[in-house]
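Visitor: This is the structure, below, for whatever I ask next.
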Amino acid sequence: MRHLAVAAREGAGVEESAHTHSPAGRADPSGWELWRLPARAVALVLLVEAGGVASVVSHLTTSDRAAFTGEVLALAAFLTLLSVVHTELATGIERIRRRAAETSYFDLSSVWTFAAALLLPPALAAAVIAAVYLHLWHRVWRPAKVPLHRHVYTTATVVLAAGAAHAAVEEAGGLPGTPDDVAGVAGIAVAVLLYVVVNTVLVAGVIALTSEWPGLRALVGRLDDNALEVATLCMGGLAAVAIGSTPWLVALVLPPILVLHRAVLVRHLEEVASTDPKTGLLNSAAWQAEAARAVRRAQRGHGAAAVLILDLDHFKLVNDAHGHLAGDDVLAAVAAELRAGVRDGDLVGRFGGEEFVVLLADLPSGALGRAEVSSVAERLRRLVAELDVPVCTPDGNLTITGLSVSVGGASVPTDGATLDHVLKVADANLYAAKRGGRNLVRIAGPVQIPAPRTQSA
């Protein structure tokens with residue numbers, strides 16, 4: 001299930017503790033981080049949480065008390081126990097995954113909450129979800145100092161998603177009971193879809209209301225993360241069917257889900273290894289590997305690509321005047337501007353020190369592509385020149401202004417057939433910009449081939 005605790009980390013813009021305390025040492029609700037969010041985000045959070053509570057109350061008042069048999073209550077306890085065992089076995093892996101995550105985090109507890117949604121009355125399923133997420137809070141999220149309101153909001157989205165999934169299965173006539181029960185299988189498929197959509201929309205909604213447009217990936221998560229969530233829900237559906245026939249078979253879900261944890265962890269660690277920790281951009285090695293693939297694609301498709309190398313002018317003066325931590329803040333701010341100033345498919349990396357590199361992919365060939373390269377380079381130069389970076393220094397808070405970059409660029413295949421060749425040309429143009437006075441753009445021009453001499457009579 002997608003968790004707001006990480007998904008909203010950047011959007012919230014607040015890193016303090018979830019509560020402030022009164023002199024008496026008691027939590028002061030007026031100081032909760034929730035109230036620091038924009039009013040529209042607070043309204044959505046409270047509305048969704050109220051909707052979750054209202055849904056449970058509604059089902060409690062309309063449900064037949066006879067449905068809460070000892071067998072059903074035992075099943076609810078069994079699912080809760082399986083979730084607790086799962087969490088305890090995977091706690092170490094999940095803490096590493098959480099640290100490696102960017103702006104969204106998909107936990108795998110939905111295998112049990114989805115099974116509860118399919119097997120139990122909605123009110124009892126909500127109780128299982130509350131118990132599962134209470135345990136997750138105690139073992140995973142509270143040690144990470146995640147604000148409580150984010151975890152409560154996530155729990156509310158799961159309760160609402162589970163209610164939608166249960167309604168879909170009920171509409172289909174319940175879980176499949178025979179091999180030819182196509183309606184039951186279709187009901188589970190629709191339940192998976194509704195579960196994902198409800199959770200994703202509610203989490204994306206609060207992220208969108210918390211900050212300026214954060215990008216589609218920050219709102220809905222990456223494709224492979226969503227595929228992981230769907231796979232986990234499918235395992236939850238299989239667990240529900242297994243419990244319906246032979247309950248002890250559900251224990252066989254634990255080994256594959258733990259293996260899945262480790263497989264996802266490997267991917268997260270690979271991402272961390274390819275990311276520059278100060279800027280969040282690709283590091284030099286990862287950028288060169290990705291850029292080389294992009295150049296080969298351009299060559300195979302007879303298209304064009306370009307490389308820009310950007311160097312912060314007089315960056316040493318920033319470090320000398322304000323300290324290296326302020327310099328790190330400047331690097332991060334410049335990186336964010338560069339990332340925002342290009343397309344999603346372009347590659348931005350930190351080349352080392354105060355140097356950045358950009359690969360512009362899928363460019364038109366000829367003069368039109370060269371004009372686009374010059375336009376992008378000028379836009380990036382202007383974005384950095386207009387940048388104001390608030391920093392905390394030993395002398396107090398201040399804003400660093402007057403930044404500039406020199407930019408050199410070159411294109412494939414006009415200026416070289418390989419990435420290494422194009423990088424050398426772009427680097428030469430960068431130093432031409434430096435020699436020309438800095439805060440300039442220099443793009444390699446078309447090669448002039450001299451005409452052959454003619455013999456004079």
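In the structure tokens, each chain is lettered A, B, ... as it comes, each chain's residues begin at 1, and ligands are numbered from 1 in order of appearance.
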Could you go through segment 137-370 of chain A and tell me which residues DSSP, when run on the backbone, assigns to strand (DSSP E), listing them as a list in words?
Guide: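 Answer for segment 137-370 of chain A, restricted to strand (DSSP E): Ala304, Ala305, Ala306, Val307, Leu308, Ile309, Leu310, Asp311, Leu312, Leu347, Val348, Gly349, Arg350, Phe351, Gly352, Glu355, Phe356, Val357, Val358, Leu359, Leu360, Ala361, Asp362 and Leu363 of chain A.
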Visitor: Mind dumping the selected residues with N, CA and C atoms as a PDB file, in the first residue's frame?
Guide:
ATOM      1  N   ALA A 304      18.914  12.642 -33.083  1.00  0.00           N
ATOM      2  CA  ALA A 304      19.968  13.481 -32.525  1.00  0.00           C
ATOM      3  C   ALA A 304      19.800  13.579 -31.018  1.00  0.00           C
ATOM      4  N   ALA A 305      20.898  13.872 -30.354  1.00  0.00           N
ATOM      5  CA  ALA A 305      20.914  14.123 -28.917  1.00  0.00           C
ATOM      6  C   ALA A 305      21.993  15.167 -28.670  1.00  0.00           C
ATOM      7  N   ALA A 306      22.014  15.696 -27.457  1.00  0.00           N
ATOM      8  CA  ALA A 306      23.009  16.722 -27.141  1.00  0.00           C
ATOM      9  C   ALA A 306      23.424  16.612 -25.688  1.00  0.00           C
ATOM     10  N   VAL A 307      24.638  17.086 -25.413  1.00  0.00           N
ATOM     11  CA  VAL A 307      25.188  17.115 -24.063  1.00  0.00           C
ATOM     12  C   VAL A 307      25.485  18.555 -23.683  1.00  0.00           C
ATOM     13  N   LEU A 308      25.061  18.934 -22.477  1.00  0.00           N
ATOM     14  CA  LEU A 308      25.414  20.230 -21.903  1.00  0.00           C
ATOM     15  C   LEU A 308      26.221  19.994 -20.639  1.00  0.00           C
ATOM     16  N   ILE A 309      27.335  20.684 -20.496  1.00  0.00           N
ATOM     17  CA  ILE A 309      28.104  20.676 -19.254  1.00  0.00           C
ATOM     18  C   ILE A 309      28.005  22.067 -18.644  1.00  0.00           C
ATOM     19  N   LEU A 310      27.584  22.121 -17.378  1.00  0.00           N
ATOM     20  CA  LEU A 310      27.370  23.397 -16.693  1.00  0.00           C
ATOM     21  C   LEU A 310      28.284  23.464 -15.476  1.00  0.00           C
ATOM     22  N   ASP A 311      28.961  24.575 -15.308  1.00  0.00           N
ATOM     23  CA  ASP A 311      29.880  24.755 -14.190  1.00  0.00           C
ATOM     24  C   ASP A 311      29.510  26.042 -13.454  1.00  0.00           C
ATOM     25  N   LEU A 312      29.275  25.897 -12.122  1.00  0.00           N
ATOM     26  CA  LEU A 312      28.948  27.067 -11.319  1.00  0.00           C
ATOM     27  C   LEU A 312      30.157  28.008 -11.250  1.00  0.00           C
ATOM     28  N   LEU A 347      18.289  13.557 -19.121  1.00  0.00           N
ATOM     29  CA  LEU A 347      19.079  13.053 -17.999  1.00  0.00           C
ATOM     30  C   LEU A 347      19.912  14.178 -17.407  1.00  0.00           C
ATOM     31  N   VAL A 348      19.774  14.384 -16.098  1.00  0.00           N
ATOM     32  CA  VAL A 348      20.541  15.408 -15.398  1.00  0.00           C
ATOM     33  C   VAL A 348      21.402  14.709 -14.351  1.00  0.00           C
ATOM     34  N   GLY A 349      22.668  15.035 -14.317  1.00  0.00           N
ATOM     35  CA  GLY A 349      23.566  14.421 -13.359  1.00  0.00           C
ATOM     36  C   GLY A 349      24.549  15.426 -12.780  1.00  0.00           C
ATOM     37  N   ARG A 350      25.138  15.035 -11.681  1.00  0.00           N
ATOM     38  CA  ARG A 350      26.232  15.825 -11.108  1.00  0.00           C
ATOM     39  C   ARG A 350      27.536  15.165 -11.535  1.00  0.00           C
ATOM     40  N   PHE A 351      28.362  15.938 -12.230  1.00  0.00           N
ATOM     41  CA  PHE A 351      29.576  15.387 -12.803  1.00  0.00           C
ATOM     42  C   PHE A 351      30.713  15.372 -11.795  1.00  0.00           C
ATOM     43  N   GLY A 352      30.596  16.173 -10.761  1.00  0.00           N
ATOM     44  CA  GLY A 352      31.645  16.261  -9.759  1.00  0.00           C
ATOM     45  C   GLY A 352      31.860  17.700  -9.362  1.00  0.00           C
ATOM     46  N   GLU A 355      30.201  20.888 -11.052  1.00  0.00           N
ATOM     47  CA  GLU A 355      29.857  20.645 -12.454  1.00  0.00           C
ATOM     48  C   GLU A 355      28.625  19.749 -12.563  1.00  0.00           C
ATOM     49  N   PHE A 356      27.735  20.129 -13.467  1.00  0.00           N
ATOM     50  CA  PHE A 356      26.536  19.348 -13.764  1.00  0.00           C
ATOM     51  C   PHE A 356      26.545  19.003 -15.245  1.00  0.00           C
ATOM     52  N   VAL A 357      25.818  17.972 -15.598  1.00  0.00           N
ATOM     53  CA  VAL A 357      25.774  17.547 -16.990  1.00  0.00           C
ATOM     54  C   VAL A 357      24.342  17.160 -17.340  1.00  0.00           C
ATOM     55  N   VAL A 358      23.936  17.484 -18.563  1.00  0.00           N
ATOM     56  CA  VAL A 358      22.573  17.224 -19.023  1.00  0.00           C
ATOM     57  C   VAL A 358      22.640  16.534 -20.381  1.00  0.00           C
ATOM     58  N   LEU A 359      21.878  15.474 -20.541  1.00  0.00           N
ATOM     59  CA  LEU A 359      21.722  14.812 -21.838  1.00  0.00           C
ATOM     60  C   LEU A 359      20.330  15.127 -22.364  1.00  0.00           C
ATOM     61  N   LEU A 360      20.261  15.831 -23.465  1.00  0.00           N
ATOM     62  CA  LEU A 360      18.985  16.142 -24.108  1.00  0.00           C
ATOM     63  C   LEU A 360      18.728  15.084 -25.169  1.00  0.00           C
ATOM     64  N   ALA A 361      17.704  14.280 -24.963  1.00  0.00           N
ATOM     65  CA  ALA A 361      17.428  13.154 -25.854  1.00  0.00           C
ATOM     66  C   ALA A 361      16.343  13.501 -26.862  1.00  0.00           C
ATOM     67  N   ASP A 362      16.280  12.694 -27.922  1.00  0.00           N
ATOM     68  CA  ASP A 362      15.190  12.766 -28.911  1.00  0.00           C
ATOM     69  C   ASP A 362      15.032  14.170 -29.477  1.00  0.00           C
ATOM     70  N   LEU A 363      16.131  14.719 -29.955  1.00  0.00           N
ATOM     71  CA  LEU A 363      16.095  16.047 -30.565  1.00  0.00           C
ATOM     72  C   LEU A 363      15.889  15.930 -32.071  1.00  0.00           C
TER      73      LEU A 363
END
Visitor: My list of candidates is A:Ser63, A:Ser83, A:Asn199, A:Ser55. Which is closest to Val250 of chain A when distances are computed with only C-alpha atoms?
Guide: A:Ser83
